[in-house]
Every structure is written in structure tokens, then in C-alpha cells.
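Shown next: entry05.txt, containing compact mmCIF, C-alpha atoms.
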```
# COMPACT_ATOMS: atom_id res chain seq x y z
CA MET X 190 -58.54 57.47 -29.85
CA LYS X 191 -57.28 56.02 -26.60
CA ASP X 192 -53.87 56.11 -24.93
CA GLU X 193 -54.37 52.52 -23.83
CA PHE X 194 -56.79 49.72 -24.55
CA GLU X 195 -56.96 46.04 -23.83
CA LYS X 196 -58.37 43.22 -25.96
CA TYR X 197 -58.03 39.44 -26.26
CA GLY X 198 -55.45 39.32 -23.46
CA PHE X 199 -53.17 42.02 -24.84
CA LYS X 200 -52.72 45.60 -23.74
CA PHE X 201 -51.95 48.34 -26.26
CA ILE X 202 -50.13 51.50 -25.24
CA ARG X 203 -50.03 54.44 -27.61
CA ALA X 204 -46.57 55.62 -28.66
CA ASN X 205 -45.50 58.72 -26.77
CA GLU X 206 -42.33 60.69 -26.00
CA ASP X 207 -41.51 58.28 -23.18
CA ASN X 208 -41.66 55.02 -25.11
CA ILE X 209 -40.42 55.89 -28.62
CA GLU X 210 -36.85 55.07 -27.56
CA LEU X 211 -38.02 51.54 -26.72
CA ILE X 212 -39.63 51.31 -30.17
CA ARG X 213 -36.43 52.63 -31.80
CA ASN X 214 -34.33 49.95 -30.10
CA TRP X 215 -36.65 47.19 -31.30
CA ARG X 216 -36.86 48.70 -34.78
CA ASN X 217 -33.05 48.84 -35.06
CA SER X 218 -32.57 45.18 -34.18
CA ASP X 219 -31.39 43.13 -37.18
CA PHE X 220 -34.42 40.84 -36.85
CA ILE X 221 -36.82 43.72 -37.52
CA ARG X 222 -34.95 46.27 -39.64
CA TYR X 223 -34.02 43.78 -42.36
CA LYS X 224 -37.73 43.27 -42.98
CA MET X 225 -38.34 46.99 -43.43
CA ILE X 226 -38.26 48.90 -46.70
CA ASN X 227 -35.87 51.37 -45.03
CA GLN X 228 -33.23 49.16 -43.39
CA ASN X 229 -31.04 51.96 -42.07
CA ILE X 230 -30.28 52.29 -38.37
CA ILE X 231 -32.41 55.09 -36.94
CA THR X 232 -30.62 57.45 -34.57
CA ARG X 233 -32.13 58.78 -31.37
CA GLU X 234 -32.38 62.26 -32.91
CA GLU X 235 -34.06 60.93 -36.05
CA GLN X 236 -36.59 59.09 -33.92
CA ILE X 237 -37.35 62.18 -31.82
CA ASN X 238 -37.76 64.31 -34.95
CA TRP X 239 -39.90 61.69 -36.65
CA PHE X 240 -42.25 61.57 -33.68
CA LYS X 241 -42.34 65.36 -33.28
CA ASN X 242 -43.34 65.79 -36.93
CA LEU X 243 -45.67 62.80 -37.11
CA ASP X 244 -49.27 63.60 -38.05
CA LYS X 245 -50.73 62.05 -34.91
CA VAL X 246 -54.33 62.43 -36.07
CA ASN X 247 -53.78 60.03 -38.95
CA ASN X 248 -50.91 57.86 -37.68
CA HIS X 249 -51.52 55.57 -34.74
CA TYR X 250 -48.64 53.61 -33.23
CA TYR X 251 -49.17 51.27 -30.28
CA ILE X 252 -46.91 48.94 -28.31
CA ALA X 253 -48.53 45.56 -27.61
CA GLN X 254 -47.87 43.69 -24.39
CA ASN X 255 -49.28 40.57 -22.79
CA ALA X 256 -51.89 41.93 -20.37
CA GLU X 257 -51.06 39.34 -17.75
CA SER X 258 -47.27 38.96 -17.86
CA LEU X 259 -46.74 42.53 -19.20
CA GLU X 260 -44.16 41.08 -21.58
CA TYR X 261 -43.76 43.29 -24.66
CA VAL X 262 -44.57 41.41 -27.86
CA GLY X 263 -44.81 43.83 -30.74
CA VAL X 264 -45.71 47.12 -32.34
CA VAL X 265 -48.87 47.78 -34.35
CA TYR X 266 -49.67 50.83 -36.39
CA LEU X 267 -52.26 52.33 -38.66
CA LYS X 268 -51.87 55.11 -41.17
CA ILE X 269 -55.21 56.62 -42.15
CA LEU X 270 -55.27 57.60 -45.81
CA LYS X 271 -58.02 59.49 -47.63
CA ASN X 272 -61.59 58.12 -47.76
CA ASN X 273 -61.22 56.41 -44.36
CA ILE X 274 -58.86 53.79 -45.75
CA GLY X 275 -56.38 52.57 -43.17
CA GLU X 276 -53.00 51.04 -43.95
CA PRO X 277 -52.14 48.72 -41.05
CA GLY X 278 -48.79 47.26 -40.13
CA SER X 279 -47.25 45.32 -37.31
CA TYR X 280 -44.08 43.62 -36.23
CA LEU X 281 -43.16 41.24 -33.47
CA ILE X 282 -40.13 42.11 -31.39
CA ARG X 283 -38.85 38.54 -30.92
CA GLU X 284 -38.11 35.91 -33.54
CA ASP X 285 -39.58 33.07 -31.45
CA LEU X 286 -42.99 34.78 -31.60
CA GLU X 287 -43.12 34.51 -35.40
CA ASN X 288 -45.86 32.20 -36.69
CA THR X 289 -47.32 31.84 -33.21
CA ALA X 290 -50.88 32.82 -32.31
CA THR X 291 -49.63 36.09 -30.78
CA SER X 292 -49.29 37.76 -34.16
CA THR X 293 -52.84 36.94 -35.24
CA ILE X 294 -54.34 37.88 -31.88
CA ILE X 295 -52.76 41.34 -31.80
CA GLN X 296 -53.82 41.90 -35.42
CA PHE X 297 -57.42 40.95 -34.58
CA ALA X 298 -57.37 43.29 -31.58
CA PHE X 299 -55.94 46.17 -33.57
CA SER X 300 -58.24 45.60 -36.55
CA ASP X 301 -61.25 45.69 -34.20
CA TYR X 302 -59.91 48.93 -32.71
CA SER X 303 -59.19 50.45 -36.14
CA PHE X 304 -62.73 49.85 -37.34
CA ASP X 305 -64.57 50.55 -34.09
CA SER X 306 -62.57 53.39 -32.55
CA LEU X 307 -60.41 54.93 -35.26
CA GLY X 308 -63.26 55.06 -37.76
CA VAL X 309 -61.71 53.41 -40.79
CA ASP X 310 -64.04 51.79 -43.32
CA ILE X 311 -61.44 49.74 -45.16
CA LEU X 312 -58.16 48.20 -44.04
CA SER X 313 -55.56 47.95 -46.79
CA PRO X 314 -52.49 45.96 -45.73
CA LYS X 315 -49.49 45.95 -48.03
CA VAL X 316 -47.08 43.05 -48.18
CA ASN X 317 -43.63 42.61 -49.70
CA LYS X 318 -43.87 40.11 -52.57
CA ASP X 319 -41.20 37.84 -51.07
CA ASN X 320 -43.14 37.49 -47.80
CA THR X 321 -45.15 34.40 -48.78
CA LYS X 322 -46.45 33.73 -45.25
CA ALA X 323 -47.94 37.23 -44.97
CA PHE X 324 -49.33 36.94 -48.51
CA LYS X 325 -51.17 33.70 -47.71
CA LEU X 326 -52.38 35.05 -44.38
CA ASN X 327 -53.88 38.13 -46.02
CA MET X 328 -55.41 36.01 -48.77
CA GLU X 329 -57.41 34.19 -46.05
CA ALA X 330 -59.63 37.21 -45.45
CA CYS X 331 -58.70 40.10 -47.73
CA LYS X 332 -59.06 40.77 -51.44
CA LEU X 333 -55.88 41.23 -53.45
CA VAL X 334 -56.02 44.58 -55.25
CA VAL X 335 -54.27 43.62 -58.46
CA GLU X 336 -54.46 47.04 -60.13
CA LYS X 337 -52.75 48.73 -57.17
CA SER X 338 -50.08 46.05 -56.63
CA THR X 339 -46.60 46.60 -58.04
CA GLU X 340 -43.63 44.41 -58.86
CA ASP X 341 -42.51 44.53 -55.24
CA ILE X 342 -45.63 45.02 -53.18
CA HIS X 343 -49.02 43.32 -52.97
CA TYR X 344 -51.93 45.48 -51.81
CA PHE X 345 -54.94 43.96 -50.07
CA GLU X 346 -58.27 45.32 -48.88
CA ILE X 347 -60.95 44.27 -46.42
CA SER X 348 -64.01 46.35 -45.57
CA LYS X 349 -65.47 46.70 -42.10
CA LYS X 350 -68.46 44.57 -43.14
CA GLU X 351 -66.30 41.84 -44.67
CA TYR X 352 -64.08 41.78 -41.60
CA PHE X 353 -66.88 41.55 -39.04
CA GLU X 354 -68.78 38.99 -41.14
CA ASN X 355 -65.79 36.72 -41.85
CA LYS X 356 -66.77 33.35 -40.39
CA LYS X 357 -63.24 32.12 -39.67
CA ILE X 358 -62.20 35.36 -37.96
CA ASN X 359 -65.43 35.44 -35.95
CA LYS X 360 -64.99 31.85 -34.83
CA LEU X 361 -61.46 32.53 -33.61
CA LYS X 362 -62.43 35.81 -31.91
CA THR X 363 -65.34 34.06 -30.16
CA PHE X 364 -62.88 31.43 -28.94
CA LEU X 365 -60.52 34.14 -27.63
CA THR X 366 -63.33 35.92 -25.81
CA LYS X 367 -64.55 32.64 -24.31
CA LYS X 368 -61.00 31.64 -23.32
CA LEU X 369 -60.42 34.93 -21.54
CA SER X 370 -63.71 34.84 -19.66
CA TYR X 371 -62.80 31.29 -18.57
CA ASP X 372 -59.30 32.39 -17.47
CA LYS X 373 -60.75 35.18 -15.34
CA ARG X 374 -63.09 32.88 -13.41
CA MET N 51 -58.71 10.95 -27.03
CA THR N 52 -56.81 8.49 -29.21
CA LYS N 53 -53.80 9.27 -31.40
CA ASP N 54 -55.95 8.62 -34.47
CA GLU N 55 -58.63 11.05 -33.31
CA PHE N 56 -56.03 13.70 -32.66
CA ILE N 57 -54.28 13.44 -36.02
CA GLU N 58 -57.56 13.31 -37.90
CA LYS N 59 -58.70 16.56 -36.27
CA PHE N 60 -55.27 18.13 -36.73
CA ARG N 61 -55.20 17.28 -40.45
CA SER N 62 -58.72 18.61 -40.99
CA GLN N 63 -57.69 22.12 -39.93
CA PHE N 64 -55.61 22.52 -43.08
CA ASP N 65 -57.32 23.57 -46.31
CA GLU N 66 -54.49 23.20 -48.83
CA THR N 67 -52.26 20.51 -47.36
CA GLU N 68 -52.88 16.89 -48.39
CA PRO N 69 -53.96 15.10 -45.18
CA GLU N 70 -51.80 12.04 -45.82
CA THR N 71 -48.67 14.20 -45.88
CA ILE N 72 -49.17 14.96 -42.18
CA ASN N 73 -48.09 12.29 -39.69
CA PHE N 74 -46.76 12.24 -36.14
CA ASP N 75 -43.20 12.95 -37.33
CA THR N 76 -44.24 15.99 -39.35
CA ARG N 77 -42.58 19.20 -38.19
CA PHE N 78 -45.79 21.16 -38.34
CA LYS N 79 -44.21 24.62 -38.39
CA GLU N 80 -42.52 23.62 -41.65
CA ILE N 81 -45.85 22.94 -43.38
CA ASP N 82 -46.26 25.61 -46.09
CA GLU N 83 -49.72 26.46 -44.85
CA TRP N 84 -48.57 26.98 -41.25
CA ASN N 85 -48.81 30.58 -40.05
CA SER N 86 -49.86 32.54 -36.99
CA MET N 87 -53.56 32.04 -37.76
CA MET N 88 -53.06 28.26 -38.00
CA ALA N 89 -51.41 28.36 -34.57
CA LEU N 90 -54.56 29.95 -33.18
CA VAL N 91 -56.77 27.51 -35.12
CA ILE N 92 -54.94 24.55 -33.49
CA ILE N 93 -55.30 26.09 -30.00
CA ALA N 94 -59.04 26.54 -30.66
CA MET N 95 -59.28 22.98 -32.03
CA ALA N 96 -57.76 21.53 -28.86
CA ASP N 97 -60.28 23.47 -26.78
CA GLU N 98 -63.30 22.69 -28.92
CA GLU N 99 -62.61 19.05 -29.74
CA PHE N 100 -60.77 17.81 -26.66
CA HIS N 101 -61.50 20.49 -24.00
CA ILE N 102 -57.77 21.01 -23.56
CA ARG N 103 -56.20 24.43 -22.92
CA LEU N 104 -53.20 24.59 -25.22
CA THR N 105 -51.02 27.67 -24.82
CA GLY N 106 -48.77 29.57 -27.18
CA ASP N 107 -45.82 28.17 -25.22
CA ASP N 108 -47.07 24.61 -25.83
CA ILE N 109 -47.03 25.30 -29.57
CA ARG N 110 -43.66 27.05 -29.39
CA SER N 111 -42.04 24.17 -27.50
CA SER N 112 -43.42 21.44 -29.79
CA SER N 113 -41.66 20.54 -33.02
CA THR N 114 -43.60 17.60 -34.40
CA VAL N 115 -47.26 16.68 -34.47
CA GLY N 116 -46.31 13.85 -32.09
CA ASP N 117 -44.88 16.39 -29.61
CA LEU N 118 -48.12 18.31 -29.76
CA PHE N 119 -50.16 15.16 -29.24
CA ASN N 120 -48.05 14.35 -26.14
CA VAL N 121 -48.69 17.82 -24.73
CA VAL N 122 -52.43 17.54 -25.34
CA ASN N 123 -52.50 13.99 -23.97
CA SER N 124 -50.68 15.05 -20.81
CA LYS N 125 -53.47 17.54 -20.12
CA VAL N 126 -56.35 15.10 -20.59
```
Do you think you could lay out the structure here as C-alpha cells?
Amino acid sequence: MKDEFEKYGFKFIRANEDNIELIRNWRNSDFIRYKMINQNIITREEQINWFKNLDKVNNHYYIAQNAESLEYVGVVYLKILKNNIGEPGSYLIREDLENTATSTIIQFAFSDYSFDSLGVDILSPKVNKDNTKAFKLNMEACKLVVEKSTEDIHYFEISKKEYFENKKINKLKTFLTKKLSYDKR
Amino acid sequence: MTKDEFIEKFRSQFDETEPETINFDTRFKEIDEWNSMMALVIIAMADEEFHIRLTGDDIRSSSTVGDLFNVVNSKV
């Protein structure tokens, strides 16, 4: 695992003692916390204790920022469960970034990283049932795991092979790579 | 690039939305099928079909398909 990596124009910085306060402030904003299962305000002490006790081998939190402007855009995370199954999550820190390409690009970058560097074989995102946008987005590439889904949460799965062989994802990632090489000329 | 060419390409990016429901007055972010991946698909479409570099800010600042056409057209 890396403390920092860069992909598709975004830089990812691993959560550490110095930046968890930044994450806490974003997480406590109304825009983000009301989308969480736990909607309580997290205190500074709770955040410090959470991070101190976090199993850092199996939980990977990264802050995403635009590699050029250095503007912070979101937080991505992966919890590695048994059998190399990873449960990914992400949130954007500003409302005006919702439903823009930023969200998809940072998810592509972090999915690549999860499969290639964190060693997961399957990504299994979970989505609140009332989040229809996220449901449709996951249905584009992942399989809905009906037997695991509950009244409130949909579970999805995509294997490493399915992800790297998905034509739509590959087309968009090729475009991003081409765009960046063009920008750097 | 003509207006007709643009809207035809724009409509063809959607899988579930009836093409005739999309016109230049359509507020594209209100289309059910619109999401963050569609935003990237439209940026890639502009590059591939018209060789135009659309940015995330261009999408953010446009409300209707007509606005987006004007942005693309201004970069031709």
C-alpha cells in the first residue's frame, strides 16, 4: 500500500494523524453526514480514537485531490473483508461536484488501485435503497447480489476480471489516459 | 458541427432515455439516466466526435443541452 498515488489527474493521500481532522470536518457537514448510516456529529476525540483503533491493514482511507489545482474533492475508502472481497465507498466533499465526472474518475482510479495494489479479487459496493442514482450507476457494471441485499441496502459485486474487461469502463479509462497525456504535452 | 449533429450524438449516449424526449431545452442533469458516468461519457463524446475538450466546469456551468452545444460550438 502507498501513502500517496496519482491516477487520471487525481492525487490520493492516505489518511493519517495529520489529516483526519480535515476528514472529520467534511464528514460532519450536513451535506455528507445526512447520507451516512450514522448521522451523528463526530467529535475530535471520537475521530482520534477511531483512527487509533482502526485496523489499518484492512481499512484504507484516502483523500482525493485534483492533481493540478490541488483542490480537495472527496474521500475514498476500502474495507477488505474475508476472501479478498473489498467493500468500497466514497463521498464528494462539495454538493456541486455531485453527478459530475469527478465522482466516476476517482472511483475508477481507486478501483484500479484496489485491484492492482491492495490485492482484492472482488469489489462489493453497498448502496442505500433510496439512492437511485448510485443504484443505476452500480447496475452499469456490477451484479446485484439479491440474496445478500436487505430491505434497506443493495449489495453489488464485480470481480477483477469483469472490471478490467468491461468495455464501457475501458473506453472511458482509455479516454482519460489519452486526455492526460495530451494535457501534459 | 451542426446543431443536428450535436443533438444526435448527445441523444445516442443514453441507453434508456427515449431520444425524442431530449431537445435543446432539456435540462440534461434532470434526465433520470444522468449520473457522474454520463458526465464523463459526454466529455469523451465531445472529444471523440468533435475533437473538443469539454471540462467538468463546462458541464457544471451548463443547464440545458443548448447551453452545452453553445460551449462546444464556441470551442470549434
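Take the candidates N:Phe64, N:Phe56, N:Phe74, N:Trp84 and check each one against Thr289 (chain X) using only C-alpha atoms; the shortest distance goes to N:Trp84.
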- Query: Could you state the separation of CA of Lys356 (chain X) and CA of Val309 (chain X) in Å, given to one decimal place?
  - Reply: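 Computing the Euclidean distance for CA of Lys356 (chain X) and CA of Val309 (chain X) yields 20.7 Å.
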- Task: Return as a PyMOL selection string the residues belonging to chain N that are within 8 Å of chain X, counting only C-alpha atoms.
- Result: chain N and resi 79+83-91+94+106+109-110
- re CA of Glu210 (chain X) and CA of Met225 (chain X): distance 17.9 Å
- Task: Quick one: everything within 8 Å of region 239-241 of chain X, counting all atoms listed in the file, minus sequence neighbours fewer than 3 positions away in the same chain. Send it as a ChimeraX atom specification.
- Result: /X:206,209,235-236
- Item | Close residues, Ser112 (chain N) itself excluded, 10 Å, only C-alpha atoms, min 5 positions apart in chain, as number ranges by chain | N: 77-79, 107, 117-121
Can you write just those residues out, C-alpha atoms, as a PDB file, in the coordinates of the input?
```
ATOM      1  CA  ARG N  77     -42.580  19.200 -38.190  1.00  0.00           C
ATOM      2  CA  PHE N  78     -45.790  21.160 -38.340  1.00  0.00           C
ATOM      3  CA  LYS N  79     -44.210  24.620 -38.390  1.00  0.00           C
ATOM      4  CA  ASP N 107     -45.820  28.170 -25.220  1.00  0.00           C
ATOM      5  CA  ASP N 117     -44.880  16.390 -29.610  1.00  0.00           C
ATOM      6  CA  LEU N 118     -48.120  18.310 -29.760  1.00  0.00           C
ATOM      7  CA  PHE N 119     -50.160  15.160 -29.240  1.00  0.00           C
ATOM      8  CA  ASN N 120     -48.050  14.350 -26.140  1.00  0.00           C
ATOM      9  CA  VAL N 121     -48.690  17.820 -24.730  1.00  0.00           C
TER      10      VAL N 121
END
```
- Length of the CA of Asn214 (chain X) to CA of Phe345 (chain X) vector [Å]: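 Computed distance, CA of Asn214 (chain X) to CA of Phe345 (chain X), equals 29.3 Å.
Across X:Tyr280, X:Asn227, X:Asp341, X:Ser313, the tightest approach to Tyr261 (chain X) is made by X:Tyr280 when counting only C-alpha atoms.
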- Query: Nearest to Ser62 (chain N): which of N:Val122, N:Ser113, N:Ile92, N:Glu98 is it, counting all atoms listed in the file?
  - Reply: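 Under the stated criterion, the closest residue is N:Ile92.
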- 9 Å contact set for Thr67 (chain N), all atoms listed in the file, chain neighbours under 6 positions out, as an MDAnalysis selection string: chainID N and resid 61 81:83
List the spatial neighbours of Gly278 (chain X) as an mmCIF file with C-alpha atoms, in the coordinates of the input - criterion: any atom at most 7 Å away, only C-alpha atoms, same-chain residues fewer than 6 positions off excluded.
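out.cif, freshly written:
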```
data_model
loop_
_atom_site.group_PDB
_atom_site.id
_atom_site.type_symbol
_atom_site.label_atom_id
_atom_site.label_comp_id
_atom_site.auth_asym_id
_atom_site.auth_seq_id
_atom_site.Cartn_x
_atom_site.Cartn_y
_atom_site.Cartn_z
ATOM 1 C CA VAL X 265 -48.870 47.780 -34.350
ATOM 2 C CA TYR X 266 -49.670 50.830 -36.390
ATOM 3 C CA LEU X 267 -52.260 52.330 -38.660
ATOM 4 C CA PRO X 314 -52.490 45.960 -45.730
#
```
